[in-house]
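I have placed the structure first, in the form of structure tokens, so that the comments after it can refer back to it.
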Amino acid sequence: MTFIADRLNLISPSPSIMAMSRAKELIAAGIDVCNMAAGEPDFATPPHIIEAAYAAMLAGQTRYTAVDGTAALKQAICEKFQQENDLAYTPDQISVGAGAKQVLYNALACSVNDGDEVIIPAPYWVSYPDIVRLNGGVPVFLETSAENGFKITPLQLQNAITSRTKWLVLNSPNNPSGAIYSSEELAAFGKVLAVHPQVYILTDDIYEHLIYDGARYVSFAQANPALADRTLTVNGVSKAFAMTGWRIGYAGGPKPLIKAMEKLQSQTSGNPSSVSQAAAAAALKGPKDFFKVWLAEFEARRNLIVSLLDGKAGLQCSPPEGAFYAYVSCAAHLGKTTPQGKRIDNDGDFVMYLLDEHRVATVQGAAYGVSPAFRVSFATSIDTVREACRRIVAACEALR
Ligand code: PMP
Ligand code: GLU
């Protein structure tokens, strides 16, 4: 008997958060670690956003707000959806929470009954399956591989749908693979889903601005207007505006679901920080010229990482199309032994070896459902990227 509820055994601590905090602890202890585990931009929040937050505090915006977002922020979100995604949401179709993570949690907690199935393409962001499990649902994974660009096919989707399917979760650009679905690919999924009215689509667009090679971003409901009434479009300011600590995420979707999410949030956290909401509104409405500068920097790092790792010392690293992660295969190294005599049986062992013996923090592919691989974040300086790649290659060359 333990005091902790049994349902906590259904989940693990977020592996990406664990890896990130382990790296930060080592660095704080003075150890020279290349932190490639961080899932957050290394840029500072732009000053005009910080100034808007300060002005809001001075103007008295320091009290409770409407539970799922201020009128001003919801209006700014509607304008963002209209201008950037061609999606026409009204403020009563918008939910704001403490990060996209809370919004996703609310959406799944408000809709998943015991035994309901949620289709999740792998590799997936670590939190989707555990949020489903915590709410009594069953994650149904669809396999992909580097050979097919880490993308599912319409046939795979078709074959996975049952009468218990509640959601399809799409995340494009994908964390950790960087894969992006084109408008045509999304429309093909839409065709499959059109005849399954019980299935809703949760699209996590949080990396929409981080796309390379001049590609154009299309969101699911934009490619499938006929399915907009069963699509929840999730986004947030964390990645686009370097505002991970401010904790503001949002979604646009069907009114009954948005209403249910408000009810849940009213009994759990209440409104997200009033100050952060003012900052998020300023971010969405303000200048976006820095996007281009950040994107160019991310793209340079992506190109460097691929040139330094792909085909080197048995590693395979195809260029991510978006987000700021490379998903690298370490298949060639399983079964080998480290200079300290430890056997590498899986990607967890490989990642531990990189950290313990070569001081590079990454995240094991097992956390994302596609192994053997590891995720390397390039949300860090180009010099750190170069040094980390040097260490990773040296680590691989030292295995026997
Ligand atoms: N979705 C994906 C795919 C992510 O990588 C993250 C980053 N943690 C989130 C959602 C949540 O972001 P936040 O809660 O900071 O808005
Ligand atoms: N999304 C980031 C990541 O994948 C932040 C950590 C988390 O919330 O999991 O690393």
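Each chain of the structure tokens is named A, B, ... in the order shown, its residues numbered from 1; ligands are numbered from 1 in display order.
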Q: Could you give me, as a ChimeraX atom specification, the residues within 9 Å of Val138 of chain A, counting only C-alpha atoms and dropping anything in the same chain fewer than 4 positions from it?
A: /A:114-119,129,132-133
Store the residues picked out above, limited to C-alpha atoms, as an mmCIF file, in the first residue's frame.
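Result saved to out-v6.cif:
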```
data_model
loop_
_atom_site.group_PDB
_atom_site.id
_atom_site.type_symbol
_atom_site.label_atom_id
_atom_site.label_comp_id
_atom_site.auth_asym_id
_atom_site.auth_seq_id
_atom_site.Cartn_x
_atom_site.Cartn_y
_atom_site.Cartn_z
ATOM 1 C CA ASP A 114 -12.232 4.492 -20.186
ATOM 2 C CA GLY A 115 -11.114 2.319 -23.084
ATOM 3 C CA ASP A 116 -11.350 5.028 -25.741
ATOM 4 C CA GLU A 117 -8.577 4.898 -28.317
ATOM 5 C CA VAL A 118 -6.363 7.778 -29.392
ATOM 6 C CA ILE A 119 -4.294 7.319 -32.541
ATOM 7 C CA PRO A 129 0.450 8.833 -24.584
ATOM 8 C CA VAL A 132 -4.248 9.552 -22.693
ATOM 9 C CA ARG A 133 -3.354 6.794 -20.201
#
```
(Q) At a cut-off of 7 Å, using only C-alpha atoms, what residues contact segment 188-201 of chain A? Leave out same-chain residues fewer than 2 positions from it and give the result as a PyMOL selection string. (A) chain A and resi 154+158+165-169+184-186+203+224+230-232
Using only C-alpha atoms, determine which residues lie at most 9 Å from segment 45-49 of chain A, disregarding the query and same-chain residues fewer than 5 positions distant; provide the list as a short mmCIF file (atom, residue, chain, number, x, y, z; two decimals) with N, CA, C and O atoms, in the first residue's frame.
```cif
data_model
loop_
_atom_site.label_atom_id
_atom_site.label_comp_id
_atom_site.auth_asym_id
_atom_site.auth_seq_id
_atom_site.Cartn_x
_atom_site.Cartn_y
_atom_site.Cartn_z
N TYR A 54 5.14 44.32 -18.44
CA TYR A 54 5.40 45.29 -17.38
C TYR A 54 4.29 46.35 -17.36
O TYR A 54 3.72 46.66 -16.30
N PHE A 241 7.83 32.45 -29.93
CA PHE A 241 8.27 33.73 -29.37
C PHE A 241 9.31 33.56 -28.25
O PHE A 241 9.57 34.51 -27.52
N ALA A 242 9.86 32.36 -28.12
CA ALA A 242 10.81 32.09 -27.04
C ALA A 242 10.21 32.49 -25.69
O ALA A 242 10.75 33.29 -24.94
N MET A 243 9.03 31.92 -25.40
CA MET A 243 8.30 32.27 -24.18
C MET A 243 7.94 31.02 -23.37
O MET A 243 6.86 30.96 -22.77
N ALA A 278 -1.25 39.02 -21.06
CA ALA A 278 -1.01 40.33 -21.70
C ALA A 278 0.21 40.26 -22.61
O ALA A 278 0.23 40.79 -23.72
N ALA A 279 1.25 39.55 -22.13
CA ALA A 279 2.48 39.40 -22.94
C ALA A 279 2.18 38.62 -24.21
O ALA A 279 2.66 38.97 -25.30
N ALA A 280 1.38 37.56 -24.09
CA ALA A 280 1.06 36.73 -25.26
C ALA A 280 0.27 37.52 -26.29
O ALA A 280 0.50 37.39 -27.50
N ALA A 281 -0.65 38.36 -25.82
CA ALA A 281 -1.43 39.19 -26.75
C ALA A 281 -0.50 40.13 -27.50
O ALA A 281 -0.61 40.30 -28.73
N ALA A 282 0.46 40.72 -26.77
CA ALA A 282 1.42 41.62 -27.41
C ALA A 282 2.27 40.86 -28.42
O ALA A 282 2.59 41.36 -29.50
N ALA A 283 2.63 39.63 -28.08
CA ALA A 283 3.44 38.81 -28.98
C ALA A 283 2.67 38.56 -30.28
O ALA A 283 3.20 38.75 -31.38
N GLY A 286 2.13 41.90 -32.23
CA GLY A 286 3.29 42.77 -32.46
C GLY A 286 4.11 42.37 -33.68
O GLY A 286 3.73 41.49 -34.45
N PRO A 287 5.27 43.04 -33.85
CA PRO A 287 6.15 42.76 -35.00
C PRO A 287 6.67 41.33 -34.97
O PRO A 287 6.85 40.75 -33.90
N PHE A 290 11.65 39.35 -36.20
CA PHE A 290 12.70 38.52 -35.61
C PHE A 290 12.56 37.05 -36.00
O PHE A 290 13.51 36.29 -35.94
#
```
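Taking atom CA of Arg63 of chain A as the reference point, atom CA of Gly249 of chain A is found at 19.2 Å.
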Q: Tell me which protein, DNA and RNA residues are within 7 Å of Val370 of chain A, counting only C-alpha atoms, leaving out same-chain ones fewer than 5 positions away, and put them as a ChimeraX atom specification.
A: /A:122-123,365
Based on the selection just made, write all heavy atoms of those residues as a PDB file, in the first residue's frame.
```pdb
ATOM      1  N   ALA A 122       3.980   7.524 -34.346  1.00  0.00           N
ATOM      2  CA  ALA A 122       5.300   7.539 -33.691  1.00  0.00           C
ATOM      3  C   ALA A 122       6.374   7.860 -34.729  1.00  0.00           C
ATOM      4  O   ALA A 122       6.246   7.401 -35.862  1.00  0.00           O
ATOM      5  CB  ALA A 122       5.573   6.172 -33.066  1.00  0.00           C
ATOM      6  N   PRO A 123       7.423   8.616 -34.403  1.00  0.00           N
ATOM      7  CA  PRO A 123       7.694   9.145 -33.079  1.00  0.00           C
ATOM      8  C   PRO A 123       6.721  10.268 -32.698  1.00  0.00           C
ATOM      9  O   PRO A 123       6.258  10.997 -33.553  1.00  0.00           O
ATOM     10  CB  PRO A 123       9.121   9.677 -33.200  1.00  0.00           C
ATOM     11  CG  PRO A 123       9.313  10.017 -34.645  1.00  0.00           C
ATOM     12  CD  PRO A 123       8.480   9.006 -35.392  1.00  0.00           C
ATOM     13  N   GLY A 365      15.540   7.648 -27.917  1.00  0.00           N
ATOM     14  CA  GLY A 365      14.411   7.426 -28.818  1.00  0.00           C
ATOM     15  C   GLY A 365      13.268   6.656 -28.179  1.00  0.00           C
ATOM     16  O   GLY A 365      12.100   6.864 -28.533  1.00  0.00           O
TER      17      GLY A 365
END
```
Using only C-alpha atoms and all ligand atoms, find each protein or nucleic acid residue lying at most 6 Å from ligand 2; present the set as a compact mmCIF listing (two decimals) with N, CA and C atoms, in the first residue's frame.
```
# COMPACT_ATOMS: atom_id res chain seq x y z
N SER A 14 8.00 13.11 -17.40
CA SER A 14 8.32 13.50 -18.78
C SER A 14 9.81 13.29 -19.07
N SER A 16 11.65 14.18 -21.51
CA SER A 16 12.37 15.34 -22.04
C SER A 16 12.65 16.34 -20.92
N ILE A 17 11.70 16.49 -20.01
CA ILE A 17 11.94 17.39 -18.87
C ILE A 17 13.04 16.82 -17.98
N ALA A 38 17.54 20.29 -24.45
CA ALA A 38 16.55 21.33 -24.15
C ALA A 38 15.54 21.49 -25.28
N GLY A 39 14.26 21.41 -24.92
CA GLY A 39 13.22 21.61 -25.93
C GLY A 39 12.69 23.02 -25.91
```
Q) What residues have any atom no more than 7 Å from ligand 1 when counting only C-alpha atoms and all ligand atoms, and can you list them as a PyMOL selection string? A) chain A and resi 39+98-102+125+171+174-175+204+206+236-238+244+247-249
(Q) Just want the 10 Å neighbourhood of segment 344-357 of chain A, counted on only C-alpha atoms, with same-chain residues fewer than 4 positions away dropped. Output as an MDAnalysis selection string. (A) chainID A and resid 19 22:23 26 33:35 329:331 333:340 361:367 370:375 388 391:396 399
Q: In Å, rounded to a single decimal, give me how far atom CA of Gly322 of chain A is from atom CA of Ile131 of chain A.
A: 24.5 Å
